[in-house]
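Only one structure is covered here, and it is reproduced in the block below.
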Amino acid sequence: MEIRNRSRMSGARFIAETLSGYGVTHAFWVETILRRSLMEMETLGIRRVLTHSEKGAAYMADGYARVAGRPSICMAQSVGAANLAAGLQDSFLGGSPVIALTGFKPPLAQYRHAYQEIHHQVMFDPVTKWNVRVDTVEQLPHLLRQAFREATSGAPGPVHLDLLGFAGELIESAEADLEVIVEEPFTRAPAFRPEPEKGSIEEATRFLETAERPVIVAGGGVITSGATLEVLTLAERLSIPVATTLNGKGVLSDRHSLNVGIVGSYSQGCANGIVSGADLVLFIGSRTGDQETHGWTVPKPGASVIQIDIDPRELGRNYSNRVPLWGDAKVTVRRLAEGVRRQVTASRWADQARSLMQEWRSKVEPLRQSDAIPIRPERLCKELTELLPANAVLVADTGFAAVWTGTMVDFTHPGQRLIRCAGSLGWAFPAALGVKCAAPERPVICFTGDGGFWYHLSELETASRCDIRTVTVVNNNSALGQCRILIKAAYGYQPGKWEEMTRFQEVNFARIAEEMGCFGIRVEKPGEIRGALEQALQADRPAVVEIITDPQADPAPPWAPRW
């Protein structure tokens, strides 16, 4: 614990000094909220990023928190609070430590039809770990510090403070004797690294050593914990194939012989087949939700499972555990690896898994090499793989954008990372801006479709004005590609019907980017992709690379077991 300041000060100064002490470097906000606090933040070097929507601010804070591994800040006034709550859904589902600050009109204005005022605090209940009201400036030292504790402890997640005043002005303008205290463990996530009891580790190790067909499913918790080396060590010691969820992509290089790909609904078929064929599944840092398990069918119900999670409530939630291991992924996997009494250099099971992975690669390679016009997304992903910098962060939208990046873009360097949307289409572009603010030295590439890009197109102006130099790859097929399949089925596959529901007008996003002060380039031929990406990566401003792709191109449907 570090006491930074103890004196009489305004709430605005206290907020700014506390945020600075906890390592916050950016605040994402929509006018008008905590104006005096924003002015105080300037004196402490905190950059204020004014966005065009509350959801955009929340998404930027989400991206920032995920790549920085520490809490981030988003803010909105009372009338924008409902929109900010909607934006927190993704950080809640994605498990990132975002602190949201809003204002509410004083009690005398409540229940009297005050302009722009609704009871918005309840809207934050489903999308936060902790949701409280700040009624007096004297509460700030306790509640703001508690916000950092809640956001970073256990499984990280968003929290919300609702401050008295339409723009929080009644809290920030008041003065009191306040003490700025920074509690170092809560400046990052995870704040603590619990580990299971020794007996549980020994029991789990025995199961792993005696299993004939074990498999590891590595989730996003492995990335959050920084446990990639530990997972690699355990996998190599026992020759265990490793599948990852989308959030866990990059735990192993895509070229590693034990990597069997992405599992679940947005997946590579080989991975689903291998996990289904395992006689023991070790889940590490995965919530085992329906997308990671393809509707809880991969592995099948009743499968032999060991689960590692920092949140004890997740252990056995969807699969009964042979041994539940409550602990931080990094520490727990290290203990498992240390407990292994024999080393397996090769196994028939690992060879079989490797063969299935190679078979899948052979099947999709013609599409990755395709010279077809309109461009195949697989070819786009191949070019992106070959040009992706060694320390790049790839930020992907939901839907087909997640499928293409997860399954068709190979990570070949340990510094490469995928951050993908937890649910809301359109998240990726503003989230990528937040990622770049947190990691200005790293190349940040957003991958989205035209349907996703339309949501927050206005944030191109934010990127240009604030000089946030991301590269946005727009897979433009002038349609909501994933929805097209379902609409076709709903119409009984009548010719032409799906276009009415999911087709958009053809728009030149590269030209729009240029109008907003960004670099824009449009690609219509496969041979032009590489050069366009190279120009964008070298541009001295935010860049948009618009790729005109085949609206009929769909990923293969996920492999599912037949019982």
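For the structure tokens, the naming scheme is as follows: chains receive sequential letters (A, B, ...) according to their order of presentation, residues are indexed from 1 within each chain, and ligands are indexed from 1 in presentation order.
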Contact residues around stretch 259-271 of chain A with only C-alpha atoms at 9 Å, ignoring same-chain residues under 4 positions, as a ChimeraX atom specification:
/A:217,241-246,248-249,252-255,275-276,290-298,353-354,356-360,399-400,402-404,406-407,556-560
Those residues you just picked out, can you put them in a file as a PDB file, in the first residue's frame with C-alpha atoms?
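The result, stored in part27.pdb:
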```
ATOM      1  CA  VAL A 217      -8.343 -27.061 -23.969  1.00  0.00           C
ATOM      2  CA  PRO A 241      -2.439 -32.306 -27.889  1.00  0.00           C
ATOM      3  CA  VAL A 242      -3.596 -28.739 -27.218  1.00  0.00           C
ATOM      4  CA  ALA A 243      -6.800 -27.233 -28.572  1.00  0.00           C
ATOM      5  CA  THR A 244      -7.629 -23.618 -27.777  1.00  0.00           C
ATOM      6  CA  THR A 245     -10.753 -21.540 -27.595  1.00  0.00           C
ATOM      7  CA  LEU A 246     -10.777 -18.405 -29.731  1.00  0.00           C
ATOM      8  CA  GLY A 248      -6.880 -18.794 -26.113  1.00  0.00           C
ATOM      9  CA  LYS A 249      -5.479 -18.604 -29.643  1.00  0.00           C
ATOM     10  CA  LEU A 252       0.870 -22.394 -28.770  1.00  0.00           C
ATOM     11  CA  SER A 253       2.210 -21.417 -32.167  1.00  0.00           C
ATOM     12  CA  ASP A 254      -0.121 -22.578 -34.919  1.00  0.00           C
ATOM     13  CA  ARG A 255       2.858 -24.447 -36.347  1.00  0.00           C
ATOM     14  CA  VAL A 275     -11.466 -33.237 -28.175  1.00  0.00           C
ATOM     15  CA  SER A 276     -14.436 -35.545 -28.697  1.00  0.00           C
ATOM     16  CA  ASP A 290     -21.751 -23.203 -25.421  1.00  0.00           C
ATOM     17  CA  GLN A 291     -19.511 -21.591 -28.038  1.00  0.00           C
ATOM     18  CA  GLU A 292     -16.305 -23.160 -26.703  1.00  0.00           C
ATOM     19  CA  THR A 293     -17.978 -26.584 -26.530  1.00  0.00           C
ATOM     20  CA  HIS A 294     -20.293 -26.357 -29.565  1.00  0.00           C
ATOM     21  CA  GLY A 295     -23.435 -26.401 -27.468  1.00  0.00           C
ATOM     22  CA  TRP A 296     -21.875 -28.580 -24.748  1.00  0.00           C
ATOM     23  CA  THR A 297     -21.357 -31.454 -27.176  1.00  0.00           C
ATOM     24  CA  VAL A 298     -17.532 -31.194 -27.465  1.00  0.00           C
ATOM     25  CA  ALA A 353      -4.065 -35.781 -33.557  1.00  0.00           C
ATOM     26  CA  ARG A 354      -1.235 -34.324 -35.624  1.00  0.00           C
ATOM     27  CA  LEU A 356      -5.922 -35.005 -38.349  1.00  0.00           C
ATOM     28  CA  MET A 357      -4.610 -31.452 -38.145  1.00  0.00           C
ATOM     29  CA  GLN A 358      -2.467 -31.934 -41.254  1.00  0.00           C
ATOM     30  CA  GLU A 359      -5.420 -33.455 -43.090  1.00  0.00           C
ATOM     31  CA  TRP A 360      -7.527 -30.378 -42.292  1.00  0.00           C
ATOM     32  CA  GLY A 399     -19.400 -13.796 -36.470  1.00  0.00           C
ATOM     33  CA  PHE A 400     -17.456 -14.786 -39.564  1.00  0.00           C
ATOM     34  CA  ALA A 402     -13.942 -14.446 -35.611  1.00  0.00           C
ATOM     35  CA  VAL A 403     -14.092 -17.660 -37.631  1.00  0.00           C
ATOM     36  CA  TRP A 404     -11.763 -16.400 -40.366  1.00  0.00           C
ATOM     37  CA  GLY A 406      -9.299 -17.860 -35.563  1.00  0.00           C
ATOM     38  CA  THR A 407      -9.067 -20.656 -38.092  1.00  0.00           C
ATOM     39  CA  ALA A 556     -17.080 -24.807 -43.248  1.00  0.00           C
ATOM     40  CA  PRO A 557     -19.743 -25.639 -40.648  1.00  0.00           C
ATOM     41  CA  PRO A 558     -18.343 -26.811 -37.301  1.00  0.00           C
ATOM     42  CA  TRP A 559     -17.731 -30.512 -36.850  1.00  0.00           C
ATOM     43  CA  ALA A 560     -20.253 -32.097 -34.499  1.00  0.00           C
TER      44      ALA A 560
END
```
I want to know what sits within 8 Å of A:Val134, based on only C-alpha atoms, with residues of the same chain fewer than 3 positions away left out; could you give that as a VMD selection string?
chain A and resid 137 139 to 140 143 161 to 164 171
Long-range neighbours of A:Ser458 as an NGL selection string, 10 Å cut-off, only C-alpha atoms, 5 positions minimum in chain:
:A and (51-53 or 56 or 430 or 453 or 463 or 513 or 516)
Members of stretch 276-339 of chain A assigned alpha helix (DSSP H) by DSSP, as a PyMOL selection string:
chain A and resi 276+329-339
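For the residues A:Leu38, A:Ile487, A:Val471, A:Ala155, ranking by smallest atom-to-atom distance to A:Phe519 using only C-alpha atoms places A:Val471 first.
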